Amino acid sequence: MPAEWETHEATWITWPHKQSDWPGKFAPVPWVYAEIVRKIAQGELVRILVAGKKQEDEAKKTLKRAGVEAKKIEYLRFPTDRGWNRDMGPIFVRHEGRRGELQIARFRFSAWAKYPDWKKDDQVPDRAAKALKLKTRPVVYNGRKVVLEGGAIDVNGKGTVLTTEECLLDPVTQIRNPGFSRRDYETVLKEALGVTNVLWLGRGIAGDDTHGHVDDLCRFVNARTVVLCREKNASDVNHRPLEENWERLRGMHLEDGSRVEVVNLPMPAPLFLDGQRLPASYANFYVANDTVLVPTFNDPADRQALGILADLFPGRLVTGIHAVDLVWGLGTLHCLTQQQPARR
């Protein structure tokens, strides 16, 4: 699986349509999407999933008003249950034995082992393979089809993958693959993604509806360096688990035996809506060809986070995207997007 910062052919995103994902706050969400698409389309094609002509027309109208070039957009009429492309969209891999042929690692999607509506989303990788004329690689282990979301993993493109115990190994809550052990998952990840080294962090952040996705707390920014969210306030519920993850990373090594370089990323002040803690995190950034889009939250730490990431991505424009409305859907920029690597 190529790293996110490697050259893309396109970014995949689903036009928002599930109003209950943003109850009472859906109206501004399409305009946030329009800004995301506008920024990404400056450097690559954006493939937008729509349910049909009506939704496509709505997207075109909004994007035109936002100043997005129509020639940078391609619409695919795929029915979806929601729109969290990182988790239900195609996970692209390269078959190095076939001159880098692009393929799709066909994991299954079960709506984070939490929601009943997932069957349309689960078909997106198959529809993508057909539309792009790509082969799929079904991920099967001991005769079982393996469930995995893209937000549960992060790779450096050289052989190392990050994930969390809370998401994959919790024996009680949101169990994706009942009975799977650490060794089982490591075997699957190595065979499906071509990695040789699996780094296990502990718990994710508060408010995370996925129960511990790594893309809300720790991300590779290059082959040797990760950013890790840290919470300074010792009374905040995120403080202890993030400190424990920092302690783990201090002793971890990359695929070549060298230590992982760790850069601290701040956390914004807690965000709540209707008494619910929201998973606001700067780690949910998205790396496109020309830009890095970073969620911002009207918080003093916004500027600090943007500065840290700007230093780590010197060849790209680091841009903040207002995500206070977006995060009410319990996800932000990385959750909504999925990269399609360039074909060799």
# chains A, B, ... in the order shown; residues from 1 in each chain; ligands from 1
>>> residues_around(residues="Tyr75 of chain A", least_positions_apart="4", cutoff="8 Å", atoms="only C-alpha atoms", output="number ranges by chain")
A: 47-50, 56
>>> residues_around(residues="Trp112 of chain A", least_positions_apart="3", cutoff="10 Å", atoms="only C-alpha atoms", output="PDB file with C-alpha atoms, in the first residue's frame")
ATOM      1  CA  ASP A  87     -13.518   3.469   5.697  1.00  0.00           C
ATOM      2  CA  MET A  88     -15.797   2.056   3.012  1.00  0.00           C
ATOM      3  CA  PHE A 109     -17.096  -3.021   5.562  1.00  0.00           C
ATOM      4  CA  TYR A 115     -24.783   0.476  12.487  1.00  0.00           C
ATOM      5  CA  PRO A 116     -27.265  -1.637  10.491  1.00  0.00           C
ATOM      6  CA  TRP A 118     -23.793  -0.791   5.427  1.00  0.00           C
ATOM      7  CA  VAL A 147     -13.408  -6.546   7.834  1.00  0.00           C
ATOM      8  CA  LEU A 148     -11.129  -3.497   7.998  1.00  0.00           C
ATOM      9  CA  GLU A 149     -11.641   0.252   7.644  1.00  0.00           C
ATOM     10  CA  CYS A 167     -10.084  -0.686  17.371  1.00  0.00           C
ATOM     11  CA  GLN A 174     -17.487  -2.996  17.975  1.00  0.00           C
ATOM     12  CA  ILE A 175     -15.843  -6.306  17.132  1.00  0.00           C
ATOM     13  CA  ARG A 176     -15.001  -6.392  13.424  1.00  0.00           C
ATOM     14  CA  ASP A 209     -17.463   6.722  16.941  1.00  0.00           C
ATOM     15  CA  THR A 210     -15.159   4.125  15.373  1.00  0.00           C
ATOM     16  CA  HIS A 211     -13.736   3.009  18.733  1.00  0.00           C
TER      17      HIS A 211
END
>>> select_by_dssp(residues="segment 62-306 of chain A", states="helix (DSSP H, G or I)", output="PyMOL selection string")
chain A and resi 62-65+70-72+85-88+96-98+111-114+119-122+124-132+150-152+165-169+182-193+214-216+239-250+282-284+301-306
>>> residues_around(residues="segment 300-310 of chain A", least_positions_apart="3", cutoff="12 Å", atoms="only C-alpha atoms", output="PyMOL selection string")
chain A and resi 219-222+225-232+263-270+280-287+291-297+313-324
>>> write_last_selection(atoms="N, CA and C atoms", output="short mmCIF file (atom, residue, chain, number, x, y, z; two decimals), in the first residue's frame")
data_model
loop_
_atom_site.label_atom_id
_atom_site.label_comp_id
_atom_site.auth_asym_id
_atom_site.auth_seq_id
_atom_site.Cartn_x
_atom_site.Cartn_y
_atom_site.Cartn_z
N ARG A 219 -0.22 9.80 12.87
CA ARG A 219 -0.12 9.65 11.42
C ARG A 219 1.34 9.75 10.97
N PHE A 220 1.69 8.98 9.97
CA PHE A 220 2.97 9.17 9.31
C PHE A 220 2.94 10.46 8.50
N VAL A 221 4.03 11.20 8.54
CA VAL A 221 4.19 12.39 7.70
C VAL A 221 5.32 12.21 6.70
N ASN A 222 6.18 11.24 6.95
CA ASN A 222 7.16 10.76 5.98
C ASN A 222 7.54 9.35 6.42
N THR A 225 8.85 9.44 10.18
CA THR A 225 8.33 10.36 11.20
C THR A 225 6.82 10.26 11.32
N VAL A 226 6.34 10.28 12.56
CA VAL A 226 4.91 10.37 12.82
C VAL A 226 4.62 11.63 13.62
N VAL A 227 3.40 12.14 13.47
CA VAL A 227 2.88 13.13 14.42
C VAL A 227 1.94 12.40 15.35
N LEU A 228 2.04 12.73 16.62
CA LEU A 228 1.21 12.11 17.65
C LEU A 228 0.51 13.18 18.45
N CYS A 229 -0.80 13.09 18.58
CA CYS A 229 -1.54 14.06 19.38
C CYS A 229 -1.17 13.91 20.86
N ARG A 230 -1.00 15.05 21.51
CA ARG A 230 -0.73 15.07 22.95
C ARG A 230 -1.70 16.04 23.61
N GLU A 231 -2.20 15.68 24.77
CA GLU A 231 -3.13 16.53 25.51
C GLU A 231 -2.44 17.01 26.78
N LYS A 232 -2.21 18.33 26.89
CA LYS A 232 -1.50 18.89 28.03
C LYS A 232 -2.32 18.88 29.31
N VAL A 263 6.85 13.59 16.44
CA VAL A 263 6.62 15.03 16.58
C VAL A 263 5.27 15.21 17.26
N ASN A 264 5.23 16.03 18.30
CA ASN A 264 3.98 16.25 19.03
C ASN A 264 3.05 17.17 18.26
N LEU A 265 1.77 16.81 18.28
CA LEU A 265 0.73 17.63 17.67
C LEU A 265 -0.27 17.96 18.78
N PRO A 266 -0.66 19.24 18.92
CA PRO A 266 -1.57 19.59 20.02
C PRO A 266 -2.98 19.05 19.76
N MET A 267 -3.77 19.08 20.80
CA MET A 267 -5.20 18.80 20.69
C MET A 267 -5.96 20.12 20.87
N PRO A 268 -7.05 20.31 20.14
CA PRO A 268 -7.89 21.48 20.41
C PRO A 268 -8.63 21.29 21.73
N ALA A 269 -9.15 22.38 22.26
CA ALA A 269 -9.98 22.26 23.46
C ALA A 269 -11.19 21.39 23.15
N PRO A 270 -11.73 20.69 24.14
CA PRO A 270 -12.86 19.80 23.90
C PRO A 270 -14.04 20.51 23.22
N ALA A 280 -12.70 15.89 17.79
CA ALA A 280 -11.92 16.94 17.12
C ALA A 280 -10.43 16.65 17.27
N SER A 281 -9.74 16.59 16.14
CA SER A 281 -8.32 16.25 16.15
C SER A 281 -7.64 16.78 14.90
N TYR A 282 -6.45 17.36 15.08
CA TYR A 282 -5.68 17.84 13.93
C TYR A 282 -5.03 16.69 13.18
N ALA A 283 -4.99 15.50 13.76
CA ALA A 283 -4.38 14.35 13.09
C ALA A 283 -5.24 13.85 11.94
N ASN A 284 -6.47 14.33 11.82
CA ASN A 284 -7.34 13.88 10.74
C ASN A 284 -7.13 14.70 9.46
N PHE A 285 -5.89 15.10 9.23
CA PHE A 285 -5.54 15.85 8.01
C PHE A 285 -5.50 14.92 6.80
N TYR A 286 -5.54 15.52 5.60
CA TYR A 286 -5.46 14.74 4.36
C TYR A 286 -4.35 15.30 3.47
N VAL A 287 -3.50 14.40 2.98
CA VAL A 287 -2.38 14.80 2.13
C VAL A 287 -2.76 14.59 0.67
N THR A 291 -1.43 19.92 -1.71
CA THR A 291 -1.82 20.55 -0.45
C THR A 291 -1.99 19.53 0.65
N VAL A 292 -1.93 20.00 1.88
CA VAL A 292 -2.33 19.21 3.05
C VAL A 292 -3.48 19.97 3.70
N LEU A 293 -4.63 19.33 3.75
CA LEU A 293 -5.80 19.95 4.34
C LEU A 293 -5.92 19.53 5.80
N VAL A 294 -6.04 20.51 6.67
CA VAL A 294 -6.02 20.27 8.12
C VAL A 294 -7.33 20.78 8.73
N PRO A 295 -8.03 19.97 9.51
CA PRO A 295 -9.25 20.47 10.16
C PRO A 295 -8.90 21.50 11.22
N THR A 296 -9.67 22.58 11.26
CA THR A 296 -9.48 23.60 12.29
C THR A 296 -10.80 23.80 13.04
N PHE A 297 -10.68 24.33 14.27
CA PHE A 297 -11.83 24.30 15.18
C PHE A 297 -12.05 25.62 15.92
N PHE A 313 5.69 19.25 5.90
CA PHE A 313 5.34 19.07 4.49
C PHE A 313 5.80 20.29 3.69
N PRO A 314 7.11 20.49 3.56
CA PRO A 314 7.62 21.72 2.94
C PRO A 314 7.25 21.88 1.47
N GLY A 315 6.94 20.80 0.78
CA GLY A 315 6.62 20.90 -0.64
C GLY A 315 5.15 21.11 -0.94
N ARG A 316 4.34 21.21 0.09
CA ARG A 316 2.90 21.35 -0.10
C ARG A 316 2.37 22.54 0.68
N LEU A 317 1.30 23.12 0.17
CA LEU A 317 0.63 24.21 0.87
C LEU A 317 -0.26 23.61 1.95
N VAL A 318 -0.02 23.95 3.18
CA VAL A 318 -0.82 23.44 4.30
C VAL A 318 -1.95 24.44 4.57
N THR A 319 -3.18 23.95 4.48
CA THR A 319 -4.36 24.81 4.51
C THR A 319 -5.34 24.32 5.56
N GLY A 320 -5.88 25.23 6.34
CA GLY A 320 -6.90 24.88 7.31
C GLY A 320 -8.28 24.86 6.68
N ILE A 321 -9.09 23.89 7.07
CA ILE A 321 -10.49 23.80 6.65
C ILE A 321 -11.35 23.85 7.90
N HIS A 322 -12.25 24.81 7.96
CA HIS A 322 -13.11 24.96 9.14
C HIS A 322 -13.96 23.70 9.31
N ALA A 323 -13.81 23.01 10.45
CA ALA A 323 -14.41 21.69 10.62
C ALA A 323 -15.33 21.60 11.84
N VAL A 324 -15.73 22.72 12.42
CA VAL A 324 -16.61 22.68 13.59
C VAL A 324 -17.96 22.07 13.23
#
>>> select_by_dssp(residues="segment 130-318 of chain A", states="strand (DSSP E or B)", output="ChimeraX atom specification")
/A:135-138,140-141,144-145,147,154-155,160-164,197-201,218-222,225-230,253,259,261-266,272-273,276-277,286-287,291-296,317-318
>>> closest_residue(among="A:Lys53, A:Lys39, A:Lys114, A:Arg277", to="Asp208 of chain A", atoms="only C-alpha atoms")
A:Arg277
>>> residues_around(residues="segment 13-18 of chain A", least_positions_apart="3", cutoff="8 Å", atoms="only C-alpha atoms", output="list in words")
Asp21, Trp22, Val29, Pro30, Tyr33, Val46, Arg47, Ile48, Leu49, Val50, Gln55, Ala59, Asp81, Arg82, Gly83, Trp84, Asn85, Leu336, Thr337 and Gln338 of chain A
